[in-house]
Structure formats: structure tokens, C-alpha cells
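The structure appears right after this line, and notes come after that.
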Amino acid sequence: MRTHTFKGGIYPEEMKELSSQCPVTDAFPSSRTVTIPVTMGGAPNTPLVKVGDSVKKGQLIAKSDAFMSAPVHASISGKVKKIQNCLVTGNQEVPCIVIESDGSAETDYMPPLDPFTCEAKDAVARIRDAGIVGMGGASFPTHVKLSPPPDKEITYVLLNAAECEPYLTVDERTLQEQADKVIDGLAIVLKITGALGIIALETNKAHVRPALEAEIQKKGYGDDMRVEMVKTKYPQGCEKNIVDALLGVEIPAGKLPADAGAIICNVGTVCAISDAFRLGKPLIERALTISGGAVEKPCNLRVPVGTLVSDLMPEAFNIIEGKTAKIISGGPMMGFAMPSAAFPVAKGTSGVTFLTAEETYLTDEGQCISCGKCVGACPMHLTPVMMSRALDADDVEDAKQFGLMDCIECGCCAYVCPADIRLVQRFRLGKQIVREQMAAARAKAAAANGGTK
């Protein structure tokens, strides 16, 4: 059995065994309220409801007319209690719609739509109307991904089933429990794009392969899609690394998978696509992993979008008192450290990790010894040591020359650094400075153009 891989990367302790045997179970917030971010991918949305309004599950509550946007729907039926700024993943305060459940099961879904008889443009419109975004963490609007420019010919749709982040197992459980829905969603994407499908499965999940291949044959998709094994290595799930490993094509700096003739979809995303057509159901709930050494019984849960993680304790899971040293929205490599568990599950929240002191790095930074380990580990073939030195010298332009804006913030460099230098944090701050400079330049240009009219 051939195994594909890419150059670079690391081999962190997987920690999948904590939750890999835990089926996905439904859970509901103990407060019976959800805090739904108004925008979860793409351009900012505008609320369509006001405080005091009654809403039904699946009802459209926020949208934008911008193409690069994804509408937001009510994940429960009830009454709008507040519209206010709340803390979300990434430690930002953003507008959120707070809905209190009325206990009803009323829904406001779209009518089902046959994905194999409707036109491609109508299928893409359904995916947009359902508010579907990438559910692996990036939250990129899926309808945009499925609408490449005319000069970009899509040959392959790659289903990212690698799930390379330590601790997270929700995709693995979904593949085992809902193989039919996964294959159906992928088939819908193939119908829209006219491409072939490849399911990228890491070798630590080889036991899932027979069920997927059986479902492919059962549905008669043997000529349209196949399963390929990729090496269990971090960050195998990065879209550029999957394209490199499976297609042998390197995506140029600043380009997208479409430039290599590929589209990448997450396991949860294709399941949401299937639901949008078969049930008319918008993306209003998601499954995620709750894990880490500080969790009493790690688990996989399916919850309404907007559920505060703190509202799942202790009914759905509990933490060991005094053990939590760090709470991470996501996995330990690319997730965001949060001050508490009082933040909402968004469309892109694949997991929440409660780490003990033994599981995280709490040491002080040392001095760089120029060992070069970060260079060998970087899957993007950058030179993190030089980027870091440039940023330390406040030379953003030099850092850009060394590849700052091509950094995917995977954390491989920081993981292998013997001096425990917080490289990812440096690069995030550096990229933010670059974005602010670009925004200022655009504003200046716009003002100049306005002044000449």
C-alpha cells in the first residue's frame, strides 16, 4: 500500500487514544442559550433580527450581499435576548446574537434539492444559502471555493481526512459513523466541479478505509473517487501539503489549491453539504472533540453553533479540578489559547483542548543557538530563524523576504526549537503588522484618488 507524504514536518505525540473510541453524542447548552457570532467566515454580515424577535431553528438571522460571505442561521428556536460583542476564538470581541431556547422543535429549513439533477449554479447557490464554510478551522466560504475563475481547471477534489492535529478525533469518528453522508457530500462536490475525488486518510486511521471503500462501491462511485493513504505526520492536513503529497504539485507562494487544479474539502464540510441538499438544513450544528489531560472523560460532541463551551460542563463533560493549565480552541499546534471556556463553538471549531501543565510549554524563552532545526521542520520550506531575527530587529520587509506571509502558523518550528522561542506568536504579530501597513496604504491610495476627482 503506497503512502504519500511531503518534505518537512514533525511527529508530535498523537494523543488520539483519549477520544478515538468515543462516539459523537448530542449535547445542548445547560443555559439553554446560544451566542452566535454574526460573521463566521468571509465578509462581515449584518443582523436581520432584533432583540425580542422570535426565531425558528434554521432561520436566517444575518447575511451580507458580498460574494465572499456566508450567511448565519439560528441554531435553536427561541427569542433573541441580546445582540452584543462577545469573546470568540482568537480572543476577539465580535458582534454576536444571543438566543434563548423556547423548548420548541420548530424549524425553518430550506426545501430539499436534488443535487444530481439541478444545475451547478443552483447547487452552488444552495451551499451559499446554507451558510457552509470550511469546518477544519479556516471557515472559508465553501461556495467561493466551488466557484473558481474560468481559467482555473479543477481536476481533483481532495477530501482532507488527515486530521493531523494531536488530540482531535471528530473527523475519524464521523468517517466511521457517517461514511454514507461523507461519500454523498463528496459526490455532490464532484458533480458541481466535474472533478475526480481523492480521500486523504492518514495511516493511523487505516482501519477506516474498508468502510469508506465499501460505501464508494455501494454507491457506484468507484470510477469517480478513491481513498489514498498519507503518512501520519504533522501538518499533513495543511492544504498545500496534501496537494504536494497526493498530486506532487507545489502550490506557488501566494497562490491557492485551485492554481494546482485542486479543491480541498473537510470531512465536516461535505457532511454539511449533504444535509443542505437532502434535508434543506443550514450549517447550524457541528461535531467537535473535547480532550486533553485535564478532561475527566474526553469525548466527541455534536452541539448547536453558538454553544458556550462552559455551558457543556458538567453535563456533557467535566474537567479535573486544579489540573487545567491552558484552554485551547482547536488543537495544541494551531489552536488559540483562551482565558476561559466561556466562548462559543463556531462553524470552524473542530475541538477544545484542556491541557495540564505537563502537556504544555510554560518555560521561559532562551537564546537562539542557530541550530537550524526550525528550517528542516518547516513544511513550507521557509527559514523561520531568519524571519524571527528580522522581526526582532523590527525589519518587517526583511521578514517578508524570508517568507513571513507564506507561513501557515503550524507551529513545527516552535515545536523543535531547543530554546523554546515563541516563533508562531512572533510570526502572527509580524503578519498583523504587514496587514495593517497594507490597509493603511490602501486607505492612503483611496484618499488620493478621491482627492483628484
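By convention here, the chains of the C-alpha cells are called A, B, ... in the order presented, each chain's residues are numbered starting at 1, and ligands are numbered starting at 1 in the order presented.
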
Q: Mind the document's chain letters and residue numbers, and return as a PyMOL selection string the residues of region 33-137 of chain A that DSSP labels strand (DSSP E or B).
A: chain A and resi 33-37+42+46-47+54-55+57+60-63+69+72-73+78-88+92-101+107+133

Q.
Need the shell around region 130-139 of chain A: protein/DNA/RNA residues with any atom at most 7 Å away, counting only C-alpha atoms. Skip same-chain ones fewer than 4 positions apart. Format as a list in words?
A.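 Selected residues are Met40, Gly41, Ala70, Pro71, Val72, Arg126, Cys265, Asn266, Gly268, Thr269, Ala272, Ala276, Lys281, Pro282, Leu283, Lys347, Gly348, Thr349 and Ser350 of chain A.
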
Can those selected residues be exported to a file as an mmCIF file, in the first residue's frame so that it contains C-alpha atoms?
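Output (out_27.cif):
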data_model
loop_
_atom_site.group_PDB
_atom_site.id
_atom_site.type_symbol
_atom_site.label_atom_id
_atom_site.label_comp_id
_atom_site.auth_asym_id
_atom_site.auth_seq_id
_atom_site.Cartn_x
_atom_site.Cartn_y
_atom_site.Cartn_z
ATOM 1 C CA MET A 40 -18.203 33.151 10.740
ATOM 2 C CA GLY A 41 -16.247 33.284 7.506
ATOM 3 C CA ALA A 70 -21.535 33.150 4.390
ATOM 4 C CA PRO A 71 -24.952 33.765 5.967
ATOM 5 C CA VAL A 72 -25.689 32.763 9.559
ATOM 6 C CA ARG A 126 -27.764 26.157 -2.175
ATOM 7 C CA CYS A 265 -12.816 19.997 1.481
ATOM 8 C CA ASN A 266 -13.031 18.986 5.135
ATOM 9 C CA GLY A 268 -17.438 18.014 8.329
ATOM 10 C CA THR A 269 -17.937 20.327 5.370
ATOM 11 C CA ALA A 272 -22.958 19.721 5.917
ATOM 12 C CA ALA A 276 -28.112 21.120 2.887
ATOM 13 C CA LYS A 281 -30.660 22.118 6.664
ATOM 14 C CA PRO A 282 -28.278 25.080 7.031
ATOM 15 C CA LEU A 283 -24.987 24.744 8.895
ATOM 16 C CA LYS A 347 -18.665 26.757 12.496
ATOM 17 C CA GLY A 348 -14.902 26.235 12.379
ATOM 18 C CA THR A 349 -14.420 24.907 15.930
ATOM 19 C CA SER A 350 -13.125 21.363 15.493
#

(Q) When you look at Leu201 (chain A) with a cut-off of 12 Å (counting only C-alpha atoms), what residues show up, excluding the ones that are within fewer than 3 positions of it in the same chain? I need them as a VMD selection string. (A) chain A and resid 2 to 5 158 to 164 171 to 172 175 198 204 to 210 212 to 213 226 to 233 236 to 237 242 245 to 246 266 to 267

Q.
Which residue is closest to Glu165 (chain A)? Choose from A:Ala260, A:Val24, A:Met380, A:Met333 and count only C-alpha atoms.
A.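 Among the listed residues, the smallest separation from Glu165 (chain A) belongs to A:Met333.
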
Q.
With only C-alpha atoms as the counted atoms, please give the residues lying no more than 9 Å from region 428-438 of chain A, apart from itself and same-chain residues fewer than 4 positions off, as a list in words.
A.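 My list of contacting residues is Leu391, Val396, Glu397, Ala399, Lys400, Leu404, Met405, Glu409, Leu423, Val424, Arg442 and Ala443 of chain A.
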
Next, write the just-selected residues to a file, as a PDB file, in the first residue's frame, keeping C-alpha atoms as the atom set.
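So again.pdb came out as:
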ATOM      1  CA  LEU A 391      11.182  40.752  13.305  1.00  0.00           C
ATOM      2  CA  VAL A 396       9.303  43.605   8.563  1.00  0.00           C
ATOM      3  CA  GLU A 397      10.416  43.935   4.934  1.00  0.00           C
ATOM      4  CA  ALA A 399      10.992  39.102   7.286  1.00  0.00           C
ATOM      5  CA  LYS A 400       8.720  39.187   4.235  1.00  0.00           C
ATOM      6  CA  LEU A 404       6.730  35.644   6.542  1.00  0.00           C
ATOM      7  CA  MET A 405       3.455  35.846   4.617  1.00  0.00           C
ATOM      8  CA  GLU A 409       1.472  29.124  11.577  1.00  0.00           C
ATOM      9  CA  LEU A 423       8.145  31.647  16.954  1.00  0.00           C
ATOM     10  CA  VAL A 424       4.496  31.338  15.926  1.00  0.00           C
ATOM     11  CA  ARG A 442      -4.917  51.203   0.527  1.00  0.00           C
ATOM     12  CA  ALA A 443      -6.607  53.915   2.566  1.00  0.00           C
TER      13      ALA A 443
END

**Q.** Point-to-point distance in Å for CA of Lys82 (chain A) and CA of Phe317 (chain A)
**A.** 27.0 Å

Q. So how many Å separate CA of Val157 (chain A) and CA of Gly194 (chain A), to one decimal?
A. 9.3 Å

Q: Looking only at helix (DSSP H, G or I) from DSSP on the backbone, list the matching residues of region 20-154 of chain A as a PyMOL selection string.
A: chain A and resi 120-129+142-145

Shell around Val94 (chain A) at 8 Å using only C-alpha atoms, local window under 3 positions removed, as a PDB file with N, CA and C atoms, in the first residue's frame:
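Saved the output as out_10.pdb:
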ATOM      1  N   PRO A  37     -21.910  34.079  16.709  1.00  0.00           N
ATOM      2  CA  PRO A  37     -21.210  35.178  16.045  1.00  0.00           C
ATOM      3  C   PRO A  37     -21.928  35.577  14.754  1.00  0.00           C
ATOM      4  N   VAL A  38     -22.085  36.864  14.532  1.00  0.00           N
ATOM      5  CA  VAL A  38     -22.795  37.360  13.353  1.00  0.00           C
ATOM      6  C   VAL A  38     -22.061  36.984  12.071  1.00  0.00           C
ATOM      7  N   GLN A  84     -24.806  41.698  21.089  1.00  0.00           N
ATOM      8  CA  GLN A  84     -23.712  42.406  21.742  1.00  0.00           C
ATOM      9  C   GLN A  84     -22.369  41.786  21.374  1.00  0.00           C
ATOM     10  N   ASN A  85     -21.305  42.505  21.662  1.00  0.00           N
ATOM     11  CA  ASN A  85     -19.967  41.979  21.429  1.00  0.00           C
ATOM     12  C   ASN A  85     -19.628  40.934  22.481  1.00  0.00           C
ATOM     13  N   CYS A  86     -19.062  39.792  22.023  1.00  0.00           N
ATOM     14  CA  CYS A  86     -18.658  38.718  22.932  1.00  0.00           C
ATOM     15  C   CYS A  86     -17.300  38.190  22.510  1.00  0.00           C
ATOM     16  N   LEU A  87     -16.597  37.576  23.441  1.00  0.00           N
ATOM     17  CA  LEU A  87     -15.287  36.998  23.170  1.00  0.00           C
ATOM     18  C   LEU A  87     -15.438  35.700  22.378  1.00  0.00           C
ATOM     19  N   VAL A  88     -14.663  35.576  21.297  1.00  0.00           N
ATOM     20  CA  VAL A  88     -14.711  34.375  20.473  1.00  0.00           C
ATOM     21  C   VAL A  88     -13.293  33.844  20.277  1.00  0.00           C
TER      22      VAL A  88
END

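For the set A:Gln425, A:Pro379, A:Met334, A:Asp275, the residue with the smallest atom-to-atom gap to Pro111 (chain A) is A:Asp275, counting only C-alpha atoms.
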
Q | Residue among A:Asp224, A:Asp311, A:Asp108, A:Glu202 lying closest to Ser75 (chain A), counting only C-alpha atoms | A | A:Asp108

Q: Provide the CA of Gln92 (chain A) to CA of Thr307 (chain A) distance in Å, to one decimal place.
A: 16.9 Å

Q | Pick from A:Ala342, A:Asn449, A:Cys378, A:Pro298, whichever lies nearest to Ala414 (chain A) using only C-alpha atoms | A |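 Between A:Ala342, A:Asn449, A:Cys378, A:Pro298, the residue approaching Ala414 (chain A) most closely is A:Cys378.
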
Q | Best match for closeness to His143 (chain A) among A:Ser101, A:Asn45, A:Ser69, A:Thr89, counting only C-alpha atoms | A | A:Ser69

Q.
Set the distance at 10 Å and use only C-alpha atoms: which residues neighbour Ile290 (chain A) once local chain neighbours fewer than 6 positions away are removed? I'd like the list as a count of residues only.
A. 23

Q.
Report as a ChimeraX atom specification all protein, DNA and RNA residues lying within 12 Å of Lys255 (chain A), evaluated on only C-alpha atoms, omitting residues in the same chain fewer than 3 positions from it.
A. /A:152,239-240,250-252,258-262,405-406
